[in-house]
Amino acid sequence: MASTIRRELIFVILWILLLLVAGTLYDLVFEFLFAGLLVYVIWNFYNLNMLSKWLANPSKKTPEVFGIWDDIYYQLYHLYKRQRKARRKLTSILKRFQKSTQALPEATIALNKANEIEWFNPAARQMFNLHPGLDIGQRIYNLVRQPKFVNYLLKKDFKKPLEFTLKGKKINISITPYGDGQYLVSARDITAQSQLDDMRRDFISNASHELRTPLTVMSGYIEYLQDKTDDTTKHPLEKIQQQTVRMDKIISELIDLAKLESASAVDYTKTVDIVTLLNEAYKEALSFDQNKHHIELAFEAEGSASKPAAELYGCYEELRMAISNLLTNAIRYTPENGNIKLYASTHDKGLSICVQDSGVGISEEHIPRLTERFYRVDAGRSSEKGGTGLGLAIVKQILDRHSASLNIVSKPNEGSNFCCNFPLSSIKS
């Protein structure tokens, strides 16, 4: 382009020199210069007009010109070809994207920054009764009139998905921001899954309650037979009694889990005093342990030994149950005369309540699965210790309900540290 401008400049200089020579010969220098420059300006205006028409309707055929204008048309034509190629490629990508999203089983809706619908797939059309010709450009909350969804959308806090009921269906919605203030809404119908979960919870709860009565009867008769039997049958009856007690405990914990799963959301208007909570859990642990271990209670605040002046928002009984389960596990799996420490610490990320022991420890590969129901690192050892395989599942369920997490650090033969980590939002300031 620089060489073209240079050629055009040389042409203009030569043109002016020619005009000067001709003007000198006829003694009309000014008139020749004026006429020559006027012709040059008219020629350029003519080409600008032709360029404007070509830009309005670009095509392969460009106007027949010469000089700088020929180079301009050459450059513009090749730019036009590149744009057409890029447009065709983008159109192809867009068609493939739309084709793939059309096949998605999840309802998908694209929204702009004003929450207006830009696009949706057939699954969304069916789920929300949308119409392609009418609803594109409409604000979604004018079409999906569900207060929970509208509040969720306007609040713009999409870290957690939303569940709500719409026309008898239970819908799970996730919103992902993208582009310049745009949002991608993904919705799933979880009605069947929710019904199955309800059936499972009802089955566990009902079956557990139904099993309790025969277990109570069996336990009573076993105690009666133990008083009447001789030494030859006493040992088998003791084993039966132990298993009956264990079965009763499993049923109790299954009922606790079912209650937690079906319970309403935690009432965050209530607070739990950390000192009171840990003192009660500590006393229960001492009673359960019967002086077999060295159990310590400690409070730490920003690295000091003073008590943390903290209260948690949540349910006292649920949190007490979680801490008690962690202490009970520590007592079961720590050899006699071992050390167990229950402590709470406040830090810049929130509050941690931990149970540390010098017990047998756990291999790293087992740690991710410890909170699964009935998962056992060593099934035989767990049965001997009286474990049910449900304690950590209950802890996990309680912590989830309180927006907290469970962090486990453990090594074989070096002990374990179970920490319940509560975010700053859970602490009363």
# chains A, B, ... in the order shown; residues from 1 in each chain; ligands from 1

$ select_by_dssp --residues "range 184-368 of chain A" --states "alpha helix (DSSP H)" --output "PyMOL selection string"
chain A and resi 191-228+231-262+274-289+316-332

$ select_by_dssp --residues "range 46-189 of chain A" --states "strand (DSSP E or B)" --output "ChimeraX atom specification"
/A:107-111,116-120,139,162-166,169-178,182-189

$ residues_around --residues "Asp189 in chain A" --least-positions-apart "3" --cutoff "8 Å" --atoms "only C-alpha atoms" --output "list in words"
Lys169, Lys170, Ile171, Asn172 and Ala192 of chain A

$ closest_residue --among "A:Leu327, A:Leu48, A:Leu162, A:Ala344" --to "Glu300 in chain A" --atoms "only C-alpha atoms"
A:Ala344

$ closest_residue --among "A:Ile398, A:Ile42, A:Ala107, A:Leu406" --to "Arg188 in chain A" --atoms "only C-alpha atoms"
A:Ala107

$ atom_distance --atom1 "CA of Val355 in chain A" --atom2 "CA of Glu414 in chain A"
14.1 Å

$ residues_around --residues "range 68-85 of chain A" --least-positions-apart "5" --cutoff "12 Å" --atoms "only C-alpha atoms" --output "number ranges by chain"
A: 1-12, 43-52, 54-55, 57-63, 90-92

$ write_last_selection --atoms "C-alpha atoms" --output "PDB file, in the first residue's frame"
ATOM      1  CA  MET A   1       0.000   0.000   0.000  1.00  0.00           C
ATOM      2  CA  ALA A   2       2.926   2.360   0.748  1.00  0.00           C
ATOM      3  CA  SER A   3       4.342   1.777  -2.750  1.00  0.00           C
ATOM      4  CA  THR A   4       0.922   2.535  -4.271  1.00  0.00           C
ATOM      5  CA  ILE A   5       0.714   5.851  -2.437  1.00  0.00           C
ATOM      6  CA  ARG A   6       4.252   6.624  -3.534  1.00  0.00           C
ATOM      7  CA  ARG A   7       3.323   5.925  -7.170  1.00  0.00           C
ATOM      8  CA  GLU A   8       0.210   8.084  -6.843  1.00  0.00           C
ATOM      9  CA  LEU A   9       2.285  10.931  -5.373  1.00  0.00           C
ATOM     10  CA  ILE A  10       4.747  10.682  -8.280  1.00  0.00           C
ATOM     11  CA  PHE A  11       1.807  10.723 -10.710  1.00  0.00           C
ATOM     12  CA  VAL A  12       0.396  13.895  -9.073  1.00  0.00           C
ATOM     13  CA  TRP A  43     -11.951  11.931 -11.107  1.00  0.00           C
ATOM     14  CA  ASN A  44     -11.451  11.074  -7.413  1.00  0.00           C
ATOM     15  CA  PHE A  45     -15.016  12.041  -6.514  1.00  0.00           C
ATOM     16  CA  TYR A  46     -16.259   9.841  -9.326  1.00  0.00           C
ATOM     17  CA  ASN A  47     -14.218   6.914  -7.987  1.00  0.00           C
ATOM     18  CA  LEU A  48     -15.459   7.578  -4.426  1.00  0.00           C
ATOM     19  CA  ASN A  49     -19.001   7.379  -5.733  1.00  0.00           C
ATOM     20  CA  MET A  50     -18.233   4.108  -7.535  1.00  0.00           C
ATOM     21  CA  LEU A  51     -16.588   2.748  -4.349  1.00  0.00           C
ATOM     22  CA  SER A  52     -19.647   3.674  -2.275  1.00  0.00           C
ATOM     23  CA  TRP A  54     -19.614  -1.253  -4.713  1.00  0.00           C
ATOM     24  CA  LEU A  55     -19.391  -1.330  -0.900  1.00  0.00           C
ATOM     25  CA  ASN A  57     -23.315  -4.376  -2.877  1.00  0.00           C
ATOM     26  CA  PRO A  58     -19.885  -6.071  -3.033  1.00  0.00           C
ATOM     27  CA  SER A  59     -19.281  -8.548  -5.851  1.00  0.00           C
ATOM     28  CA  LYS A  60     -16.452 -10.235  -7.732  1.00  0.00           C
ATOM     29  CA  LYS A  61     -16.713  -7.634 -10.498  1.00  0.00           C
ATOM     30  CA  THR A  62     -14.933  -4.387  -9.557  1.00  0.00           C
ATOM     31  CA  PRO A  63     -15.059  -1.107 -11.546  1.00  0.00           C
ATOM     32  CA  LEU A  90     -18.636 -19.069  11.396  1.00  0.00           C
ATOM     33  CA  THR A  91     -22.047 -19.938   9.946  1.00  0.00           C
ATOM     34  CA  SER A  92     -20.979 -23.571   9.640  1.00  0.00           C
TER      35      SER A  92
END

$ residues_around --residues "Asp273 in chain A" --least-positions-apart "6" --cutoff "12 Å" --atoms "only C-alpha atoms" --output "VMD selection string"
chain A and resid 279 to 280 307 to 317 319 to 320 344 427 to 428

$ residues_around --residues "Ile340 in chain A" --least-positions-apart "3" --cutoff "9 Å" --atoms "only C-alpha atoms" --output "list in words"
His293, His294, Ile295, Glu296, Leu297, Leu327, Ala330, Ile331, Thr334, Val355, Gln356, Asp357, Ser358 and Gly359 of chain A

$ write_last_selection --atoms "N, CA and C atoms" --output "short mmCIF file (atom, residue, chain, number, x, y, z; two decimals), in the first residue's frame"
data_model
loop_
_atom_site.label_atom_id
_atom_site.label_comp_id
_atom_site.auth_asym_id
_atom_site.auth_seq_id
_atom_site.Cartn_x
_atom_site.Cartn_y
_atom_site.Cartn_z
N HIS A 293 -8.57 -43.56 77.05
CA HIS A 293 -7.70 -42.70 76.24
C HIS A 293 -7.48 -41.37 76.95
N HIS A 294 -6.51 -40.63 76.45
CA HIS A 294 -6.28 -39.27 76.95
C HIS A 294 -7.02 -38.31 76.01
N ILE A 295 -8.15 -37.79 76.45
CA ILE A 295 -8.98 -36.92 75.61
C ILE A 295 -8.83 -35.48 76.08
N GLU A 296 -8.51 -34.59 75.14
CA GLU A 296 -8.24 -33.19 75.47
C GLU A 296 -9.21 -32.29 74.70
N LEU A 297 -9.63 -31.21 75.36
CA LEU A 297 -10.47 -30.19 74.72
C LEU A 297 -9.68 -28.89 74.68
N LEU A 327 -15.95 -38.00 67.41
CA LEU A 327 -15.27 -38.42 68.65
C LEU A 327 -15.42 -39.92 68.88
N ALA A 330 -13.05 -41.74 66.67
CA ALA A 330 -11.67 -41.61 67.17
C ALA A 330 -11.42 -42.56 68.33
N ILE A 331 -12.37 -42.68 69.24
CA ILE A 331 -12.23 -43.57 70.39
C ILE A 331 -12.16 -45.03 69.94
N THR A 334 -8.63 -45.75 67.99
CA THR A 334 -7.37 -45.35 68.63
C THR A 334 -7.04 -46.37 69.73
N VAL A 355 -11.30 -33.06 65.19
CA VAL A 355 -11.02 -34.17 66.09
C VAL A 355 -9.74 -34.84 65.59
N GLN A 356 -8.71 -34.79 66.42
CA GLN A 356 -7.41 -35.36 66.05
C GLN A 356 -7.12 -36.55 66.94
N ASP A 357 -6.58 -37.63 66.36
CA ASP A 357 -6.28 -38.82 67.17
C ASP A 357 -4.93 -39.40 66.77
N SER A 358 -4.43 -40.27 67.62
CA SER A 358 -3.17 -40.97 67.36
C SER A 358 -3.45 -42.42 67.03
N GLY A 359 -4.56 -42.64 66.33
CA GLY A 359 -5.02 -44.00 66.06
C GLY A 359 -4.33 -44.68 64.90
#

$ closest_residue --among "A:Leu392, A:Ile93, A:Val360, A:Leu130" --to "Tyr375 in chain A" --atoms "only C-alpha atoms"
A:Leu392

$ residues_around --residues "Leu370 in chain A" --least-positions-apart "3" --cutoff "12 Å" --atoms "only C-alpha atoms" --output "number ranges by chain"
A: 329, 362-367, 373-378, 389-396, 406-410, 418

$ write_last_selection --atoms "N, CA and C atoms" --output "mmCIF file, in the first residue's frame"
data_model
loop_
_atom_site.group_PDB
_atom_site.id
_atom_site.type_symbol
_atom_site.label_atom_id
_atom_site.label_comp_id
_atom_site.auth_asym_id
_atom_site.auth_seq_id
_atom_site.Cartn_x
_atom_site.Cartn_y
_atom_site.Cartn_z
ATOM 1 N N ASN A 329 -15.806 -42.257 66.636
ATOM 2 C CA ASN A 329 -14.913 -42.952 65.702
ATOM 3 C C ASN A 329 -13.467 -42.903 66.194
ATOM 4 N N ILE A 362 -5.565 -44.003 58.214
ATOM 5 C CA ILE A 362 -6.279 -44.483 57.028
ATOM 6 C C ILE A 362 -5.415 -44.248 55.806
ATOM 7 N N SER A 363 -5.363 -45.222 54.906
ATOM 8 C CA SER A 363 -4.605 -45.057 53.660
ATOM 9 C C SER A 363 -5.272 -44.010 52.777
ATOM 10 N N GLU A 364 -4.452 -43.336 51.978
ATOM 11 C CA GLU A 364 -4.934 -42.209 51.161
ATOM 12 C C GLU A 364 -6.031 -42.615 50.183
ATOM 13 N N GLU A 365 -5.944 -43.827 49.622
ATOM 14 C CA GLU A 365 -6.932 -44.225 48.612
ATOM 15 C C GLU A 365 -8.341 -44.389 49.182
ATOM 16 N N HIS A 366 -8.453 -44.569 50.509
ATOM 17 C CA HIS A 366 -9.772 -44.749 51.125
ATOM 18 C C HIS A 366 -10.445 -43.425 51.499
ATOM 19 N N ILE A 367 -9.656 -42.355 51.650
ATOM 20 C CA ILE A 367 -10.183 -41.099 52.200
ATOM 21 C C ILE A 367 -11.344 -40.524 51.392
ATOM 22 N N ARG A 373 -22.114 -44.295 52.480
ATOM 23 C CA ARG A 373 -22.830 -45.161 53.420
ATOM 24 C C ARG A 373 -22.287 -46.586 53.366
ATOM 25 N N PHE A 374 -22.034 -47.128 54.534
ATOM 26 C CA PHE A 374 -21.581 -48.508 54.722
ATOM 27 C C PHE A 374 -20.201 -48.774 54.117
ATOM 28 N N TYR A 375 -19.467 -47.715 53.731
ATOM 29 C CA TYR A 375 -18.111 -47.946 53.227
ATOM 30 C C TYR A 375 -17.196 -48.231 54.413
ATOM 31 N N ARG A 376 -16.409 -49.272 54.279
ATOM 32 C CA ARG A 376 -15.513 -49.668 55.366
ATOM 33 C C ARG A 376 -14.097 -49.850 54.823
ATOM 34 N N VAL A 377 -13.123 -49.316 55.539
ATOM 35 C CA VAL A 377 -11.724 -49.531 55.190
ATOM 36 C C VAL A 377 -11.367 -50.992 55.445
ATOM 37 N N ASP A 378 -11.823 -51.514 56.565
ATOM 38 C CA ASP A 378 -11.609 -52.921 56.941
ATOM 39 C C ASP A 378 -12.901 -53.401 57.567
ATOM 40 N N GLY A 389 -20.744 -48.055 59.782
ATOM 41 C CA GLY A 389 -20.484 -47.566 58.431
ATOM 42 C C GLY A 389 -21.358 -46.395 58.033
ATOM 43 N N LEU A 390 -22.081 -45.818 59.000
ATOM 44 C CA LEU A 390 -22.984 -44.706 58.700
ATOM 45 C C LEU A 390 -22.600 -43.402 59.391
ATOM 46 N N GLY A 391 -21.668 -43.482 60.350
ATOM 47 C CA GLY A 391 -21.337 -42.304 61.161
ATOM 48 C C GLY A 391 -20.853 -41.130 60.330
ATOM 49 N N LEU A 392 -19.880 -41.365 59.434
ATOM 50 C CA LEU A 392 -19.344 -40.271 58.625
ATOM 51 C C LEU A 392 -20.332 -39.803 57.564
ATOM 52 N N ALA A 393 -21.225 -40.704 57.120
ATOM 53 C CA ALA A 393 -22.279 -40.281 56.188
ATOM 54 C C ALA A 393 -23.214 -39.287 56.872
ATOM 55 N N ILE A 394 -23.494 -39.533 58.137
ATOM 56 C CA ILE A 394 -24.334 -38.602 58.908
ATOM 57 C C ILE A 394 -23.613 -37.266 59.089
ATOM 58 N N VAL A 395 -22.308 -37.331 59.408
ATOM 59 C CA VAL A 395 -21.520 -36.100 59.563
ATOM 60 C C VAL A 395 -21.562 -35.290 58.272
ATOM 61 N N LYS A 396 -21.339 -35.950 57.131
ATOM 62 C CA LYS A 396 -21.330 -35.262 55.833
ATOM 63 C C LYS A 396 -22.686 -34.619 55.546
ATOM 64 N N LEU A 406 -16.095 -31.225 55.138
ATOM 65 C CA LEU A 406 -15.301 -32.118 55.981
ATOM 66 C C LEU A 406 -13.959 -32.356 55.306
ATOM 67 N N ASN A 407 -12.887 -32.029 56.003
ATOM 68 C CA ASN A 407 -11.531 -32.242 55.492
ATOM 69 C C ASN A 407 -10.858 -33.327 56.329
ATOM 70 N N ILE A 408 -10.317 -34.342 55.655
ATOM 71 C CA ILE A 408 -9.721 -35.484 56.356
ATOM 72 C C ILE A 408 -8.248 -35.594 55.979
ATOM 73 N N VAL A 409 -7.392 -35.613 56.990
ATOM 74 C CA VAL A 409 -5.957 -35.831 56.792
ATOM 75 C C VAL A 409 -5.567 -37.034 57.643
ATOM 76 N N SER A 410 -4.993 -38.050 57.005
ATOM 77 C CA SER A 410 -4.673 -39.269 57.755
ATOM 78 C C SER A 410 -3.556 -40.046 57.066
ATOM 79 N N PHE A 418 -9.844 -35.054 61.537
ATOM 80 C CA PHE A 418 -11.108 -34.770 60.856
ATOM 81 C C PHE A 418 -11.530 -33.346 61.208
#

$ closest_residue --among "A:Val272, A:Ala56, A:Leu237, A:Ala207" --to "Ser219 in chain A" --atoms "only C-alpha atoms"
A:Leu237
